[in-house]
>>> print(open('my_file02.cif').read())   # mmCIF, C-alpha atoms
data_start
#
loop_
_atom_site.label_atom_id
_atom_site.label_comp_id
_atom_site.auth_asym_id
_atom_site.auth_seq_id
_atom_site.Cartn_x
_atom_site.Cartn_y
_atom_site.Cartn_z
CA MET A 1 39.12 31.80 158.95
CA ALA A 2 37.76 32.55 155.48
CA ARG A 3 39.38 35.61 154.00
CA THR A 4 38.93 36.60 150.36
CA GLU A 5 41.19 39.20 148.82
CA ILE A 6 39.81 41.11 145.85
CA ARG A 7 41.46 43.69 143.64
CA VAL A 8 39.35 45.84 141.31
CA GLY A 9 41.53 47.58 138.73
CA GLY A 10 40.97 49.90 135.80
CA LEU A 11 41.04 53.55 134.87
CA GLY A 12 39.73 56.64 136.62
CA GLY A 13 36.20 57.38 135.47
CA GLN A 14 35.18 53.73 135.14
CA GLY A 15 33.68 53.60 138.61
CA ILE A 16 36.33 51.27 140.00
CA ILE A 17 36.03 52.56 143.55
CA LEU A 18 32.24 52.41 143.48
CA CYS A 19 32.43 48.80 142.30
CA GLY A 20 34.74 47.93 145.19
CA SER A 21 32.61 49.88 147.61
CA ILE A 22 29.46 48.00 146.55
CA ILE A 23 31.19 44.64 147.08
CA GLY A 24 32.37 45.77 150.51
CA LYS A 25 28.99 47.18 151.53
CA ALA A 26 27.22 44.03 150.39
CA ALA A 27 29.55 41.97 152.58
CA ALA A 28 29.76 44.15 155.68
CA ILE A 29 26.34 45.79 155.85
CA TYR A 30 24.05 43.33 154.10
CA SER A 31 25.71 39.94 154.74
CA GLY A 32 26.91 40.33 158.33
CA ARG A 33 30.54 39.74 157.39
CA HIS A 34 33.62 41.92 157.68
CA ALA A 35 35.03 44.02 154.86
CA ALA A 36 37.79 46.54 154.26
CA LEU A 37 38.29 48.87 151.30
CA ILE A 38 41.51 50.62 150.27
CA GLN A 39 41.41 53.04 147.33
CA ALA A 40 44.29 54.03 145.07
CA PHE A 41 44.12 56.82 142.50
CA GLY A 42 46.44 58.20 139.86
CA PRO A 43 47.27 61.90 139.73
CA GLU A 44 44.42 62.67 137.33
CA ALA A 45 40.78 62.06 138.07
CA ARG A 46 40.04 60.51 134.69
CA GLY A 47 42.05 58.12 132.60
CA SER A 48 44.83 57.32 135.05
CA ALA A 49 45.32 54.02 136.83
CA CYS A 50 42.88 53.40 139.64
CA SER A 51 42.30 50.41 141.88
CA ALA A 52 40.42 49.26 144.92
CA GLN A 53 41.52 46.60 147.37
CA VAL A 54 38.64 44.80 149.06
CA ILE A 55 38.92 42.22 151.80
CA VAL A 56 35.88 40.12 152.70
CA ALA A 57 36.25 37.94 155.79
CA ASP A 58 34.25 36.02 158.36
CA GLU A 59 36.24 37.53 161.23
CA ALA A 60 37.66 40.94 162.03
CA ILE A 61 40.26 42.10 159.52
CA GLY A 62 43.63 42.86 161.07
CA TYR A 63 45.48 43.70 157.88
CA PRO A 64 43.38 45.56 155.30
CA TYR A 65 45.70 45.33 152.29
CA VAL A 66 45.56 42.78 149.48
CA ARG A 67 48.78 40.77 149.37
CA SER A 68 47.85 38.11 146.85
CA PRO A 69 44.35 38.44 145.41
CA ASP A 70 41.95 35.54 145.19
CA ILE A 71 39.84 37.48 142.70
CA LEU A 72 40.78 40.16 140.21
CA VAL A 73 38.12 42.36 138.60
CA LEU A 74 39.85 44.11 135.70
CA LEU A 75 38.68 46.85 133.38
CA SER A 76 41.90 47.92 131.67
CA GLN A 77 44.90 46.26 130.06
CA ASP A 78 47.28 48.15 132.32
CA ALA A 79 45.48 46.76 135.36
CA PHE A 80 45.83 43.25 133.96
CA VAL A 81 49.55 43.72 133.36
CA GLN A 82 50.05 45.13 136.85
CA PHE A 83 47.89 42.80 138.92
CA ALA A 84 47.72 39.45 137.07
CA PRO A 85 51.17 38.32 138.35
CA GLN A 86 49.96 38.79 141.95
CA LEU A 87 47.01 36.41 141.58
CA LYS A 88 46.88 33.31 143.79
CA PRO A 89 47.62 30.07 141.88
CA ASP A 90 43.97 28.99 141.96
CA GLY A 91 42.64 32.53 141.67
CA LEU A 92 39.89 33.93 139.45
CA VAL A 93 40.16 36.79 136.96
CA LEU A 94 36.96 38.56 135.93
CA TYR A 95 37.68 40.92 133.06
CA GLU A 96 35.99 43.22 130.61
CA ASN A 97 36.74 41.32 127.43
CA GLU A 98 36.60 44.29 125.05
CA LEU A 99 39.11 46.23 127.15
CA VAL A 100 41.38 43.48 128.44
CA GLN A 101 43.24 40.71 126.65
CA VAL A 102 44.35 37.83 128.86
CA GLN A 103 47.93 37.15 127.84
CA GLY A 104 50.16 34.59 129.54
CA LYS A 105 50.65 36.24 132.92
CA LEU A 106 48.29 34.03 134.87
CA PRO A 107 49.14 30.98 136.97
CA VAL A 108 48.26 27.84 134.98
CA THR A 109 45.66 26.79 137.54
CA ALA A 110 43.91 30.18 137.57
CA ARG A 111 40.58 30.74 135.82
CA ALA A 112 39.65 33.74 133.70
CA LEU A 113 36.10 34.75 132.77
CA GLY A 114 35.36 37.65 130.43
CA ILE A 115 32.27 39.76 129.89
CA PRO A 116 31.48 42.45 127.29
CA ALA A 117 30.39 44.77 130.08
CA THR A 118 30.89 48.00 128.15
CA ARG A 119 28.65 46.78 125.34
CA PHE A 120 26.04 45.59 127.83
CA ALA A 121 26.08 48.96 129.58
CA GLU A 122 25.72 50.81 126.28
CA GLU A 123 22.84 48.54 125.25
CA LEU A 124 21.11 49.30 128.52
CA GLY A 125 21.41 53.01 127.73
CA ARG A 126 24.42 54.29 129.66
CA ARG A 127 28.09 53.35 129.44
CA LEU A 128 28.27 54.83 132.92
CA VAL A 129 26.86 51.64 134.48
CA LEU A 130 29.76 49.51 133.24
CA ASN A 131 31.01 49.15 136.81
CA ILE A 132 27.62 47.94 138.01
CA VAL A 133 27.56 45.31 135.26
CA MET A 134 30.95 44.20 136.59
CA ALA A 135 29.63 44.10 140.17
CA GLY A 136 26.82 41.84 138.95
CA PHE A 137 29.29 39.70 137.01
CA PHE A 138 31.39 39.36 140.16
CA THR A 139 28.32 38.29 142.13
CA GLY A 140 27.18 35.71 139.58
CA ALA A 141 30.61 34.25 138.88
CA THR A 142 31.93 33.97 142.44
CA ASN A 143 28.98 33.14 144.72
CA LEU A 144 30.88 35.02 147.43
CA LEU A 145 27.88 37.26 148.11
CA SER A 146 24.15 36.89 147.58
CA ILE A 147 22.54 38.88 144.80
CA ASP A 148 20.07 40.26 147.36
CA ALA A 149 22.90 41.73 149.42
CA VAL A 150 24.58 43.25 146.36
CA GLU A 151 21.26 44.63 145.12
CA LYS A 152 20.77 46.38 148.46
CA ALA A 153 24.30 47.74 148.31
CA VAL A 154 23.67 49.12 144.81
CA LEU A 155 20.42 50.77 145.88
CA ASP A 156 22.24 52.25 148.87
CA SER A 157 25.03 53.62 146.68
CA VAL A 158 23.60 55.10 143.48
CA PRO A 159 21.84 58.46 143.06
CA LYS A 160 18.07 58.73 143.26
CA GLY A 161 16.46 58.29 139.87
CA THR A 162 19.17 55.97 138.55
CA GLU A 163 18.21 52.93 140.63
CA SER A 164 16.27 51.08 137.97
CA LEU A 165 18.94 51.26 135.27
CA ASN A 166 21.63 50.33 137.78
CA LEU A 167 19.64 47.30 138.91
CA LYS A 168 19.18 46.24 135.30
CA ALA A 169 22.93 46.56 134.83
CA LEU A 170 23.54 44.51 137.97
CA MET A 171 21.22 41.72 136.84
CA LYS A 172 22.68 41.72 133.33
CA GLY A 173 26.14 41.08 134.72
CA TYR A 174 24.83 38.64 137.33
CA GLU A 175 23.01 36.44 134.82
CA TYR A 176 26.02 36.46 132.51
CA GLY A 177 28.31 35.50 135.38
CA ARG A 178 26.02 32.71 136.52
CA GLY A 179 25.94 31.36 132.99
CA LEU A 180 29.73 31.18 132.84
CA ALA A 181 30.18 29.90 136.39
CA THR A 182 27.77 27.00 135.91
CA PRO A 183 27.98 25.98 132.25
CA THR A 184 25.20 23.69 131.06
CA MET B 1 5.92 42.00 136.97
CA ASP B 2 9.25 42.72 135.30
CA ARG B 3 11.99 45.06 136.50
CA ASP B 4 10.35 47.99 134.74
CA GLY B 5 7.44 47.62 137.17
CA PHE B 6 4.82 46.72 134.55
CA PRO B 7 2.10 45.65 134.41
CA ARG B 8 0.83 47.71 137.28
CA VAL B 9 -2.59 48.90 138.42
CA ALA B 10 -3.16 52.65 138.58
CA LYS B 11 -5.89 53.95 140.88
CA LEU B 12 -7.86 56.79 139.32
CA LYS B 13 -9.48 59.87 140.84
CA ASP B 14 -13.00 58.40 140.59
CA GLY B 15 -12.01 55.24 142.50
CA SER B 16 -11.78 53.06 139.42
CA SER B 17 -8.53 51.64 138.15
CA VAL B 18 -6.70 50.82 134.93
CA GLU B 19 -3.94 48.36 134.20
CA ILE B 20 -0.83 49.91 132.70
CA SER B 21 1.37 47.55 130.70
CA LEU B 22 4.12 47.64 128.11
CA ALA B 23 2.68 47.35 124.60
CA ARG B 24 3.66 44.23 122.70
CA ALA B 25 3.18 43.19 119.09
CA ALA B 26 0.15 41.17 120.19
CA ASP B 27 -1.51 44.44 121.29
CA GLY B 28 -1.45 45.72 117.70
CA PRO B 29 -5.07 44.97 116.71
CA ALA B 30 -6.42 46.38 120.01
CA LEU B 31 -4.25 49.47 119.57
CA LEU B 32 -5.61 50.02 116.08
CA ASP B 33 -9.15 49.62 117.43
CA PHE B 34 -8.39 52.22 120.10
CA TYR B 35 -7.11 54.78 117.62
CA ARG B 36 -9.95 54.12 115.19
CA SER B 37 -12.41 54.73 118.01
CA LEU B 38 -11.10 58.28 118.53
CA SER B 39 -13.21 61.01 117.01
CA ASP B 40 -11.90 63.34 114.29
CA GLU B 41 -11.69 66.01 116.99
CA ASP B 42 -9.39 63.79 119.06
CA ARG B 43 -7.21 62.99 116.05
CA LEU B 44 -7.09 66.62 114.95
CA VAL B 45 -3.42 67.18 115.66
CA LEU B 46 -1.84 63.74 115.72
CA THR B 47 1.50 63.45 113.95
CA ASP B 48 0.53 60.31 112.03
CA ASP B 49 -2.64 58.82 110.59
CA VAL B 50 -3.00 56.23 113.30
CA THR B 51 -6.00 54.48 111.78
CA THR B 52 -4.22 52.56 109.04
CA PRO B 53 -2.57 49.11 109.03
CA ASP B 54 0.53 50.76 107.53
CA TRP B 55 0.88 52.97 110.58
CA LEU B 56 0.51 49.95 112.86
CA ALA B 57 3.17 48.03 110.94
CA ARG B 58 5.59 50.97 111.23
CA PHE B 59 4.75 51.38 114.91
CA LEU B 60 5.32 47.70 115.73
CA ALA B 61 8.61 47.79 113.80
CA LYS B 62 9.71 50.73 115.95
CA LEU B 63 8.76 48.83 119.12
CA ASP B 64 10.74 45.85 117.89
CA SER B 65 13.83 47.95 117.12
CA GLY B 66 13.74 49.83 120.41
CA ALA B 67 13.10 53.16 118.66
CA ALA B 68 9.75 53.30 120.46
CA THR B 69 8.50 52.06 123.81
CA SER B 70 4.79 52.15 124.48
CA LEU B 71 2.54 51.85 127.49
CA VAL B 72 -1.14 51.01 127.15
CA ALA B 73 -3.88 51.52 129.73
CA ARG B 74 -6.66 48.95 129.85
CA ALA B 75 -10.04 49.09 131.53
CA ASP B 76 -12.91 46.66 131.05
CA GLY B 77 -10.76 44.63 128.68
CA ARG B 78 -10.11 47.40 126.17
CA ILE B 79 -7.35 49.90 125.61
CA CYS B 80 -8.39 53.33 126.85
CA GLY B 81 -5.07 55.16 126.57
CA GLU B 82 -1.61 54.91 125.08
CA ALA B 83 1.67 56.71 125.57
CA THR B 84 4.77 56.26 123.47
CA LEU B 85 8.38 57.22 124.02
CA HIS B 86 10.06 57.76 120.64
CA ARG B 87 13.83 57.97 120.53
CA ASN B 88 16.59 58.22 117.99
CA LEU B 89 18.92 55.31 118.59
CA HIS B 90 21.72 57.15 116.77
CA GLY B 91 22.63 60.71 115.93
CA TRP B 92 22.77 64.02 117.71
CA SER B 93 19.45 63.66 119.53
CA ARG B 94 20.03 60.18 120.91
CA HIS B 95 19.85 61.58 124.45
CA VAL B 96 16.34 62.94 123.82
CA GLY B 97 13.02 61.11 123.88
CA GLU B 98 9.71 62.38 122.51
CA ILE B 99 6.55 61.48 124.38
CA ARG B 100 3.15 61.18 122.71
CA LEU B 101 -0.01 60.53 124.70
CA ASN B 102 -3.62 59.76 123.84
CA VAL B 103 -6.51 58.93 126.14
CA ALA B 104 -10.07 57.92 125.22
CA ARG B 105 -12.48 60.82 125.69
CA ASP B 106 -14.64 58.97 128.22
CA ARG B 107 -11.59 58.31 130.42
CA ARG B 108 -10.16 61.80 130.49
CA GLY B 109 -9.94 63.86 133.66
CA LYS B 110 -9.49 60.76 135.82
CA GLY B 111 -5.73 60.40 135.86
CA VAL B 112 -5.20 57.90 133.06
CA GLY B 113 -3.04 60.36 131.13
CA TYR B 114 -0.95 61.17 134.17
CA ALA B 115 -0.41 57.48 134.99
CA LEU B 116 0.70 56.78 131.41
CA ALA B 117 2.90 59.86 131.11
CA ALA B 118 4.53 59.25 134.50
CA GLY B 119 5.24 55.66 133.47
CA VAL B 120 6.86 56.74 130.22
CA VAL B 121 8.94 59.42 131.96
CA LYS B 122 10.26 56.76 134.33
CA LEU B 123 11.06 54.45 131.43
CA ALA B 124 12.93 57.29 129.70
CA ILE B 125 15.07 57.95 132.79
CA ASP B 126 15.69 54.23 133.18
CA MET B 127 16.94 54.13 129.58
CA GLY B 128 19.47 56.80 130.42
CA LEU B 129 17.81 59.57 128.40
CA GLU B 130 18.68 63.08 129.52
CA LYS B 131 15.80 65.05 128.07
CA MET B 132 12.20 64.50 127.10
CA VAL B 133 10.04 66.61 124.84
CA ALA B 134 6.31 66.70 124.13
CA TYR B 135 4.45 68.71 121.50
CA PHE B 136 1.11 70.42 122.03
CA VAL B 137 -1.22 72.90 120.39
CA ALA B 138 -2.80 75.71 122.39
CA SER B 139 -6.12 73.92 122.91
CA GLN B 140 -4.51 70.96 124.71
CA VAL B 141 -4.63 72.66 128.10
CA ALA B 142 -5.28 69.59 130.25
CA ALA B 143 -2.50 67.60 128.57
CA ARG B 144 -0.05 70.44 129.08
CA LYS B 145 -0.95 70.61 132.78
CA THR B 146 -0.41 66.87 133.08
CA PHE B 147 3.09 67.19 131.69
CA GLU B 148 3.83 70.28 133.78
CA ARG B 149 3.10 68.17 136.88
CA LEU B 150 5.84 65.82 135.66
CA GLY B 151 8.42 68.58 135.39
CA PHE B 152 7.93 69.67 131.77
CA ARG B 153 8.16 73.37 130.91
CA LYS B 154 7.43 75.24 127.70
CA GLU B 155 10.72 75.67 125.88
CA ALA B 156 9.57 77.02 122.50
CA GLU B 157 6.55 78.15 120.56
CA LEU B 158 6.46 77.88 116.77
CA ALA B 159 3.81 79.90 114.99
CA ARG B 160 1.61 78.16 112.36
CA GLN B 161 3.72 75.02 112.62
CA VAL B 162 0.88 72.48 112.61
CA THR B 163 -1.73 71.79 109.96
CA ASP B 164 -4.57 69.89 111.59
CA ILE B 165 -6.67 67.33 109.73
CA ARG B 166 -9.11 70.10 108.78
CA GLY B 167 -6.33 72.11 107.17
CA ILE B 168 -6.21 74.80 109.87
CA LYS B 169 -2.77 76.12 110.85
CA ARG B 170 -1.98 76.07 114.58
CA ASP B 171 0.86 77.19 116.80
CA LEU B 172 3.03 74.42 118.23
CA PHE B 173 4.20 74.45 121.85
CA ILE B 174 7.33 72.46 122.59
CA TYR B 175 7.55 71.30 126.20
CA ALA B 176 10.72 69.79 127.61
CA ASN B 177 11.91 68.09 130.77
CA ASP B 178 15.68 68.04 131.28
CA VAL B 179 16.67 65.22 133.64
CA SER B 180 20.40 65.34 132.93
CA HIS B 181 21.08 66.28 136.57
CA ILE B 182 20.14 62.73 137.59
CA TRP B 183 22.92 61.31 135.44
CA ALA B 184 25.35 64.08 136.39
CA ALA B 185 25.15 62.75 139.96
CA MET B 186 25.99 59.26 138.72
CA GLU B 187 28.89 60.60 136.65
CA ALA B 188 30.30 62.29 139.75
CA LEU B 189 30.01 59.03 141.63
CA VAL B 190 32.11 57.06 139.13
CA GLU B 191 34.73 59.80 138.82
CA ASP B 192 37.27 57.76 140.81
CA SER B 193 38.95 60.90 142.09
CA ARG B 194 40.33 61.58 145.52
CA PRO B 195 37.84 63.05 147.94
CA HIS B 196 38.08 66.87 147.98
CA GLU B 197 40.29 66.90 144.88
CA GLY B 198 39.20 67.72 141.39
CA GLN B 199 35.59 68.01 142.48
#
>>> encode(input="my_file02.cif", output="structure tokens")
Amino acid sequence: MARTEIRVGGLGGQGIILCGSIIGKAAAIYSGRHAALIQAFGPEARGSACSAQVIVADEAIGYPYVRSPDILVLLSQDAFVQFAPQLKPDGLVLYENELVQVQGKLPVTARALGIPATRFAEELGRRLVLNIVMAGFFTGATNLLSIDAVEKAVLDSVPKGTESLNLKALMKGYEYGRGLATPT
Amino acid sequence: MDRDGFPRVAKLKDGSSVEISLARAADGPALLDFYRSLSDEDRLVLTDDVTTPDWLARFLAKLDSGAATSLVARADGRICGEATLHRNLHGWSRHVGEIRLNVARDRRGKGVGYALAAGVVKLAIDMGLEKMVAYFVASQVAARKTFERLGFRKEAELARQVTDIRGIKRDLFIYANDVSHIWAAMEALVEDSRPHEGQ
């Protein structure tokens, strides 16, 4: 039974939960698979630690918590420090490389791919879509979900009027992730 | 078609159609021809002298830098309308875009202006801008109505602010469309707070 454990970690206000929710929706609603989402917040809405646990599986999920993540999506240094030691030996870390420095806490067989997602989001016009860039990066770098499914999940999740910019953000991250996942 | 949805065909009120596309550097000569074809009456209150190669060079440089984004309408192989979104990439008005619109006289009243203006408004929202402004003089009644249909409202009126190309002073109407609520909804969505807390 294929079960992929994903942890999205960062700070409140970065859209961590929305990023996890989009991955889960893309899997469960638009890919015919099973997904579970657990959210964890700090005491403050903004700036405190925040994470989402997402399970994507081919069969029903009996235990919805992440024990040892296959994939980490990290948007803060604190999240890296907290979650990197839990990564599976052959796991994958996807990180915002202007916010996170990868420093010696990863298993030697793990892979780490960085993206300047904040800069990309700002270049697109809104730092706010940083999390959508990361969702696209996740999609391009992992091949766990199709871009069509994630695109539908984004359109289903974001407010009316913001769809176009969010889709641009998604594709920006997706193309960047594909480029890193399949180097020429 | 790219992700901005251009080029696209806009159906007009008289059953004809125009193609709306993003202006590129290669459109420069045709754009200059379009502006040179406008009568003095049509160029009465334009901000720039749009008939000179210097203007075109400055305009293309702004397109290249991202400080301007332009849509052109084409019919029968020629440009018959143009709308530009000007924006400050830095500074205190970086959330605001200014829209300028011109349509050939023989194409007015058919919906070309609305199609161009609606396209530019969408581009502005897609860029994350929170507010758009457009400037008019009193005689530009049809243009003001077009923008009102897109959500613009008169926000200020400055007396004797404009000197037209005949030297006559005119009052300037500043119209604005605040779309910040669209992004406020997105900000709420990425708040990462507990449901029913801190909302």
>>> interface_residues(input="my_file02.cif", of="chain A", to="chain B", cutoff="8 Å", atoms="only C-alpha atoms", output="NGL selection string")
:A and (12-18 or 41 or 44-46 or 50 or 124-126 or 128 or 158-165 or 168)
>>> residues_around(input="my_file02.cif", residues="Ser16 in chain B", least_positions_apart="3", cutoff="12 Å", atoms="only C-alpha atoms", output="list in words")
Val9, Ala10, Lys11, Leu12, Lys13, Glu19, Arg74, Ala75, Asp76, Arg107, Lys110, Gly111 and Val112 of chain B
>>> residues_around(input="my_file02.cif", residues="range 64-78 of chain A", least_positions_apart="2", cutoff="7 Å", atoms="all atoms listed in the file", output="ChimeraX atom specification")
/A:4-11,36,53,55,61-62,80-82,86-88,91-96,99-101
>>> resolve_selection(input="my_file02.cif", expression="the PyMOL selection byres ((chain A and resi 138) around 8)", output="PyMOL selection string")
chain A and resi 73+94+134-137+139-142+173-174+177
>>> closest_residue(input="my_file02.cif", among="B:Ala67, B:Ala83, B:Val18, B:Ile174", to="Glu155 in chain B", atoms="all atoms listed in the file")
B:Ile174
